[in-house]
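Next comes work-v3.tsv, a file with TSV, C-alpha atoms.
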```tsv
chain	number	residue	atom	x	y	z
A	561	MET	CA	31.86	8.87	2.26
A	562	LYS	CA	29.99	9.06	5.58
A	563	LEU	CA	30.53	6.15	7.97
A	564	THR	CA	26.79	5.55	8.34
A	565	LYS	CA	26.38	5.20	4.59
A	566	ILE	CA	29.19	2.65	4.50
A	567	ILE	CA	27.54	0.66	7.29
A	568	ALA	CA	24.18	0.83	5.49
A	569	GLY	CA	25.76	-0.48	2.30
A	570	ILE	CA	27.38	-3.40	4.13
A	571	ALA	CA	24.10	-4.23	5.87
A	572	ALA	CA	22.14	-4.12	2.63
A	573	SER	CA	24.64	-6.48	1.00
A	574	ALA	CA	24.31	-8.88	3.92
A	575	VAL	CA	20.53	-8.85	3.48
A	576	ALA	CA	20.79	-9.74	-0.19
A	577	ALA	CA	23.22	-12.58	0.53
A	578	SER	CA	21.20	-14.06	3.40
A	579	ALA	CA	18.00	-13.89	1.34
A	580	LEU	CA	19.17	-16.75	-0.83
A	581	ALA	CA	19.23	-19.10	2.15
A	582	VAL	CA	15.66	-18.61	3.41
A	583	ALA	CA	12.28	-19.69	2.16
A	584	SER	CA	9.63	-17.43	0.70
A	585	PHE	CA	6.20	-16.77	2.15
A	586	ALA	CA	3.04	-15.08	0.94
A	587	VAL	CA	1.93	-11.62	2.03
A	588	ASP	CA	-1.76	-11.00	1.58
A	589	ALA	CA	-2.32	-8.21	-0.88
A	590	GLN	CA	-4.61	-5.41	0.20
A	591	GLY	CA	-6.76	-3.31	-2.10
A	592	THR	CA	-9.92	-3.16	-4.15
A	593	PRO	CA	-10.95	-6.48	-5.72
A	594	GLY	CA	-9.80	-6.50	-9.35
A	595	GLN	CA	-7.13	-3.84	-8.75
A	596	ALA	CA	-3.87	-4.50	-10.63
A	597	GLY	CA	-0.52	-2.95	-9.83
A	598	ILE	CA	3.22	-3.49	-9.49
A	599	ALA	CA	4.83	-4.90	-6.35
A	600	PHE	CA	8.59	-4.33	-6.27
A	601	SER	CA	11.79	-3.53	-4.45
A	602	ASP	CA	14.75	-1.84	-6.02
A	603	GLY	CA	18.19	-3.40	-5.91
A	604	ASN	CA	19.08	-1.71	-2.61
A	605	TRP	CA	15.79	-2.58	-0.86
A	606	THR	CA	15.28	1.10	-0.07
A	607	CYS	CA	12.54	1.93	-2.58
A	608	GLN	CA	9.60	-0.49	-2.33
A	609	TYR	CA	5.88	-1.11	-2.77
A	610	TRP	CA	4.17	-4.35	-1.64
A	611	PHE	CA	0.38	-3.93	-1.77
A	612	ASP	CA	0.28	-4.93	1.90
A	613	GLY	CA	-1.78	-2.06	3.26
A	614	ASN	CA	1.24	-0.06	4.46
A	615	GLU	CA	2.16	3.39	3.22
A	616	TYR	CA	5.15	3.85	0.94
A	617	ALA	CA	6.67	6.97	-0.61
A	618	THR	CA	6.45	5.29	-4.01
A	619	GLN	CA	3.47	6.43	-6.08
A	620	GLU	CA	1.41	3.75	-7.84
A	621	THR	CA	-0.83	4.00	-10.89
A	622	THR	CA	-3.11	0.97	-10.86
A	623	ALA	CA	-5.74	-0.43	-13.23
A	624	ALA	CA	-9.15	-1.96	-12.57
A	625	ILE	CA	-9.46	-5.34	-14.31
A	626	THR	CA	-12.98	-5.80	-15.66
A	627	GLY	CA	-12.37	-8.58	-18.18
A	628	ASP	CA	-10.30	-9.43	-21.24
A	629	GLY	CA	-8.29	-6.52	-22.64
A	630	GLN	CA	-5.06	-4.56	-22.44
A	631	TYR	CA	-4.08	-2.61	-19.31
A	632	THR	CA	-1.13	-0.48	-18.14
A	633	VAL	CA	0.17	0.00	-14.59
A	634	SER	CA	3.18	1.96	-13.35
A	635	VAL	CA	5.20	3.14	-10.35
A	636	ASP	CA	7.02	6.42	-9.77
A	637	ALA	CA	9.92	5.57	-7.49
A	638	PHE	CA	11.25	7.84	-4.78
A	639	THR	CA	12.07	7.52	-1.10
A	640	THR	CA	11.41	10.04	1.66
A	641	TYR	CA	13.38	9.84	4.91
A	642	THR	CA	14.96	11.88	7.70
A	643	ASP	CA	18.75	12.11	7.72
A	644	GLU	CA	19.73	11.15	11.27
A	645	GLU	CA	22.96	13.16	11.07
A	646	THR	CA	21.41	16.46	10.01
A	647	GLY	CA	17.76	15.95	11.03
A	648	GLU	CA	16.71	17.17	7.60
A	649	ASP	CA	13.88	15.66	5.60
A	650	VAL	CA	15.24	14.24	2.36
A	651	THR	CA	13.43	13.09	-0.76
A	652	GLN	CA	15.50	10.80	-2.93
A	653	PRO	CA	14.07	10.51	-6.43
A	654	GLY	CA	14.50	7.37	-8.43
A	655	ALA	CA	15.73	3.84	-7.76
A	656	THR	CA	18.49	1.52	-8.89
A	657	ASP	CA	18.05	-1.91	-10.47
A	658	ILE	CA	15.45	-4.46	-9.28
A	659	ALA	CA	15.53	-7.02	-6.46
A	660	PHE	CA	11.93	-8.15	-6.98
A	661	ALA	CA	9.12	-7.16	-9.33
A	662	ALA	CA	5.71	-8.58	-10.15
A	663	VAL	CA	2.32	-7.58	-11.49
A	664	GLN	CA	-0.55	-8.70	-9.28
A	665	VAL	CA	-4.33	-8.52	-9.27
A	666	VAL	CA	-6.19	-8.34	-5.97
A	667	ASP	CA	-8.67	-11.24	-5.72
A	668	GLY	CA	-7.91	-12.09	-9.35
A	669	GLU	CA	-8.25	-15.87	-8.84
A	670	THR	CA	-11.64	-15.39	-7.22
A	671	LEU	CA	-13.03	-12.91	-9.73
A	672	PHE	CA	-11.59	-14.47	-12.86
A	673	PRO	CA	-10.65	-18.15	-12.34
A	674	GLY	CA	-8.11	-19.25	-14.94
A	675	MET	CA	-7.30	-15.73	-16.10
A	676	VAL	CA	-3.99	-15.38	-17.94
A	677	ILE	CA	-1.85	-12.25	-17.98
A	678	THR	CA	0.49	-11.81	-20.94
A	679	ILE	CA	3.20	-9.19	-20.52
A	680	ASP	CA	3.33	-6.94	-23.59
A	681	SER	CA	6.10	-4.58	-22.49
A	682	ILE	CA	8.16	-3.46	-19.50
A	683	LYS	CA	9.59	0.04	-19.65
A	684	PHE	CA	11.91	2.02	-17.42
A	685	ASP	CA	11.71	5.77	-18.04
A	686	GLY	CA	10.13	5.05	-21.42
A	687	ASN	CA	12.79	2.56	-22.56
A	688	GLU	CA	11.55	-0.97	-23.14
A	689	VAL	CA	13.65	-3.80	-21.73
A	690	ALA	CA	14.14	-7.12	-23.49
A	691	LEU	CA	12.83	-10.32	-21.89
A	692	ASN	CA	14.89	-13.51	-21.71
A	693	GLY	CA	11.85	-15.77	-21.31
A	694	THR	CA	8.08	-15.82	-20.91
A	695	PRO	CA	6.49	-14.57	-17.68
A	696	TYR	CA	3.74	-16.88	-16.42
A	697	THR	CA	0.55	-16.34	-14.43
A	698	SER	CA	0.07	-18.04	-11.05
A	699	SER	CA	-0.99	-17.48	-7.44
A	700	ASP	CA	0.56	-18.24	-4.04
A	701	ASP	CA	-2.68	-18.39	-2.10
A	702	GLY	CA	-5.37	-19.18	-4.67
A	703	VAL	CA	-6.77	-15.68	-4.25
A	704	THR	CA	-4.38	-13.08	-5.65
A	705	THR	CA	-3.17	-13.45	-9.23
A	706	ARG	CA	0.50	-12.70	-9.85
A	707	VAL	CA	2.99	-12.57	-12.71
A	708	ASN	CA	6.62	-12.60	-11.56
A	709	LEU	CA	8.74	-10.29	-13.65
A	710	TYR	CA	11.84	-10.88	-11.53
A	711	ASN	CA	11.71	-13.28	-8.58
A	712	GLU	CA	14.96	-15.21	-8.11
A	713	TRP	CA	13.59	-17.06	-5.08
A	714	VAL	CA	11.30	-19.31	-7.10
A	715	SER	CA	13.17	-22.61	-7.47
A	716	ALA	CA	10.48	-24.43	-9.47
A	717	LEU	CA	7.41	-23.37	-11.43
A	718	PRO	CA	4.21	-23.70	-9.37
A	719	ASP	CA	1.54	-26.22	-10.31
A	720	ASP	CA	-0.85	-23.48	-11.40
A	721	ALA	CA	1.68	-21.74	-13.70
A	722	ARG	CA	0.05	-20.89	-17.00
A	723	THR	CA	0.61	-18.88	-20.16
A	724	VAL	CA	-1.77	-18.00	-22.96
A	725	ASP	CA	-1.09	-21.24	-24.89
A	726	GLY	CA	-0.86	-23.56	-21.90
A	727	LEU	CA	2.62	-23.31	-20.41
A	728	ALA	CA	5.43	-21.95	-22.56
A	729	ALA	CA	8.65	-23.97	-22.65
A	730	ASP	CA	10.65	-20.89	-21.68
A	731	ALA	CA	8.34	-19.84	-18.81
A	732	THR	CA	10.43	-18.27	-16.06
A	733	PRO	CA	10.06	-16.19	-12.87
A	734	THR	CA	13.03	-14.05	-13.95
A	735	ALA	CA	11.99	-13.00	-17.44
A	736	MET	CA	13.54	-9.57	-17.06
A	737	SER	CA	17.04	-8.67	-15.89
A	738	LYS	CA	17.49	-7.25	-12.40
A	739	THR	CA	20.20	-4.93	-13.74
A	740	VAL	CA	18.35	-1.99	-15.23
A	741	GLY	CA	20.45	0.87	-13.84
A	742	GLU	CA	18.96	4.01	-12.34
A	743	TRP	CA	15.30	4.69	-13.01
A	744	THR	CA	12.38	6.80	-11.80
A	745	LYS	CA	9.36	5.24	-13.52
A	746	MET	CA	8.53	1.61	-14.28
A	747	GLU	CA	5.62	0.90	-16.59
A	748	VAL	CA	4.12	-2.48	-17.49
A	749	THR	CA	1.56	-3.06	-20.22
A	750	PHE	CA	-0.18	-6.43	-20.28
A	751	THR	CA	-3.10	-8.27	-21.85
A	752	VAL	CA	-5.68	-10.19	-19.83
A	753	SER	CA	-7.39	-13.20	-21.39
A	754	GLY	CA	-9.49	-16.16	-20.27
A	755	THR	CA	-12.04	-14.19	-18.27
A	756	ALA	CA	-15.04	-14.93	-20.49
A	757	GLY	CA	-17.92	-16.22	-18.40
A	758	ALA	CA	-16.21	-15.30	-15.13
A	759	ALA	CA	-17.87	-13.11	-12.55
A	760	ALA	CA	-17.17	-9.39	-12.85
A	761	PRO	CA	-17.84	-6.73	-10.19
A	762	ALA	CA	-21.58	-6.46	-9.64
A	763	GLU	CA	-23.52	-3.87	-11.59
A	764	GLU	CA	-26.77	-2.22	-10.62
A	765	ALA	CA	-29.67	-4.41	-11.67
A	766	ALA	CA	-32.14	-3.09	-14.24
A	767	PRO	CA	-35.64	-2.25	-12.97
A	768	ALA	CA	-37.93	-5.28	-12.82
A	769	GLU	CA	-40.28	-5.64	-15.77
A	770	GLU	CA	-43.97	-6.20	-15.35
A	771	THR	CA	-45.29	-9.40	-16.83
A	772	ALA	CA	-48.90	-8.32	-17.01
A	773	ALA	CA	-50.51	-5.33	-18.69
A	774	PRO	CA	-52.09	-2.66	-16.47
A	775	ALA	CA	-55.65	-3.50	-15.51
A	776	GLU	CA	-58.34	-1.95	-17.67
A	777	GLU	CA	-61.50	-0.56	-16.32
A	778	ALA	CA	-63.91	-3.45	-15.97
A	779	ALA	CA	-67.29	-3.32	-17.68
A	780	PRO	CA	-70.28	-3.00	-15.36
A	781	ALA	CA	-71.01	-6.41	-13.90
A	782	PRO	CA	-74.39	-7.84	-13.16
A	783	ALA	CA	-75.46	-7.33	-9.59
A	784	THR	CA	-75.13	-11.03	-8.94
A	785	GLY	CA	-71.81	-11.50	-10.80
A	786	ASP	CA	-68.18	-11.55	-9.55
A	787	VAL	CA	-65.56	-8.95	-10.45
A	788	ALA	CA	-62.40	-10.51	-12.04
A	789	ALA	CA	-59.10	-9.66	-10.25
A	790	VAL	CA	-56.02	-8.63	-12.24
A	791	THR	CA	-52.56	-9.39	-10.69
A	792	ASP	CA	-49.09	-8.09	-11.58
A	793	SER	CA	-45.82	-10.01	-11.09
A	794	ALA	CA	-42.16	-8.82	-11.21
A	795	LYS	CA	-39.17	-10.79	-12.51
A	796	GLY	CA	-36.26	-10.92	-10.04
A	797	SER	CA	-32.62	-10.49	-11.12
A	798	PRO	CA	-30.02	-13.06	-9.97
A	799	ASP	CA	-27.14	-11.85	-7.79
A	800	THR	CA	-23.87	-11.34	-9.61
A	801	GLY	CA	-20.89	-12.54	-7.78
A	802	ILE	CA	-18.19	-10.37	-7.65
A	803	GLU	CA	-4.43	-9.90	-3.87
A	804	ASP	CA	-0.15	-11.44	-3.16
A	805	VAL	CA	3.20	-10.95	-3.32
A	806	ALA	CA	5.80	-13.68	-2.65
A	807	VAL	CA	8.63	-12.21	-0.68
A	808	VAL	CA	11.59	-13.84	0.98
A	809	ALA	CA	11.02	-14.45	4.69
A	810	GLY	CA	12.37	-11.61	6.75
A	811	ILE	CA	13.69	-9.57	3.80
A	812	ALA	CA	11.43	-6.57	4.25
A	813	LEU	CA	12.07	-6.38	8.00
A	814	VAL	CA	15.82	-6.92	7.85
A	815	ALA	CA	16.23	-4.60	4.86
A	816	ALA	CA	14.29	-1.88	6.63
A	817	GLY	CA	16.64	-2.23	9.58
A	818	ALA	CA	19.66	-1.92	7.32
A	819	VAL	CA	18.35	1.30	5.82
A	820	VAL	CA	17.52	2.81	9.21
A	821	VAL	CA	21.19	2.62	10.14
A	822	ALA	CA	21.71	5.58	7.84
A	823	LYS	CA	18.28	7.09	7.54
A	824	LYS	CA	14.92	6.93	9.19
A	825	ARG	CA	11.81	6.75	7.06
A	826	LYS	CA	8.93	9.07	7.74
```
Turn this file's structure into structure tokens for me.
Amino acid sequence: MKLTKIIAGIAASAVAASALAVASFAVDAQGTPGQAGIAFSDGNWTCQYWFDGNEYATQETTAAITGDGQYTVSVDAFTTYTDEETGEDVTQPGATDIAFAAVQVVDGETLFPGMVITIDSIKFDGNEVALNGTPYTSSDDGVTTRVNLYNEWVSALPDDARTVDGLAADATPTAMSKTVGEWTKMEVTFTVSGTAGAAAPAEEAAPAEETAAPAEEAAPAPATGDVAAVTDSAKGSPDTGIEDVAVVAGIALVAAGAVVVAKKRK
């Protein structure tokens, strides 16, 4: 085994251990309002996606939330880096286990106040994993909606935690196991409810309707009479009103440093 790989492994382990001792903070999600996707890191903190506006090798398939209904989002995991020993570009397909995973909706709390996301299934390479509790819907910043699938840094359920029937007794931020083995694709299917009456992305307004019939040709008026004026009026349309991942403080930065010991990302 190469010395640099051994060092990288030791560093990654140190990151995981130190993570338990620090507090979490919110990272503002970036994206199109109503966009849903998966934020995650694999067990080694080498394959990641955070919805933070940065580029990652991981490929995301997102969904646009428009109201109540069932949606599916997924990630294809792989890491691209340059081997510092050989100088070669390397693409490493797949990931191993999970250190953090959540489904989030950009601006979900603003667009759909009170929306609830119910997880229907979580699959790795087509194989569904069993849940040991009920994932709940919440938000760190009151803007981005999130459902923790595995987040071991949550010590207590937040005040805005909710499930479809209120708050399930077995609601947990670690509903799935972090030990899932090697995988290349993670797919989550979920159902959105509670959006009735909430504002959806604005649609183009219909043309204004006339409230008066077109003027007809007036009959000849007496020389001394007045000609009646016909006015039209248009009805205006009201304006239709139209992201977050909780990560452990310093994890992303320290983990990135641990990986760079052995390999440098593009």
Give me the residues near stretch 666-668 of chain A as a list in words, where near means some atom within 6 Å (using all atoms listed in the file) and where sequence neighbours in that chain fewer than 2 positions away do not count.
Pro593, Gly594, Gln595, Thr670, Leu671, Phe672, Val703, Thr704, Thr705 and Glu803 of chain A
Gap from atom CA of A:Tyr609 to atom CA of A:Val689 - Å, one decimal:
20.7 Å
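The space separating atom CA of A:Met736 from atom CA of A:Ser681 comes to 10.5 Å.
Shortest separation to A:Ala623 among A:Asp700, A:Ala756, A:Thr751, A:Ala729 occurs at residue A:Thr751, atoms counted being all atoms listed in the file.
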Assuming 4 Å of padding per side, give the centre and edge lengths of the axis-aligned box around every listed atom of stretch 641-660 of chain A, in Å to one decimal and as lines of an AutoDock Vina configuration file.
```
center_x = 17.4
center_y = 4.5
center_z = 0.4
size_x = 19.0
size_y = 33.3
size_z = 29.7
```
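Atom pair atom CA of A:Ala728 / atom CA of A:Pro673 has a distance of 19.4 Å (rounded to one decimal).
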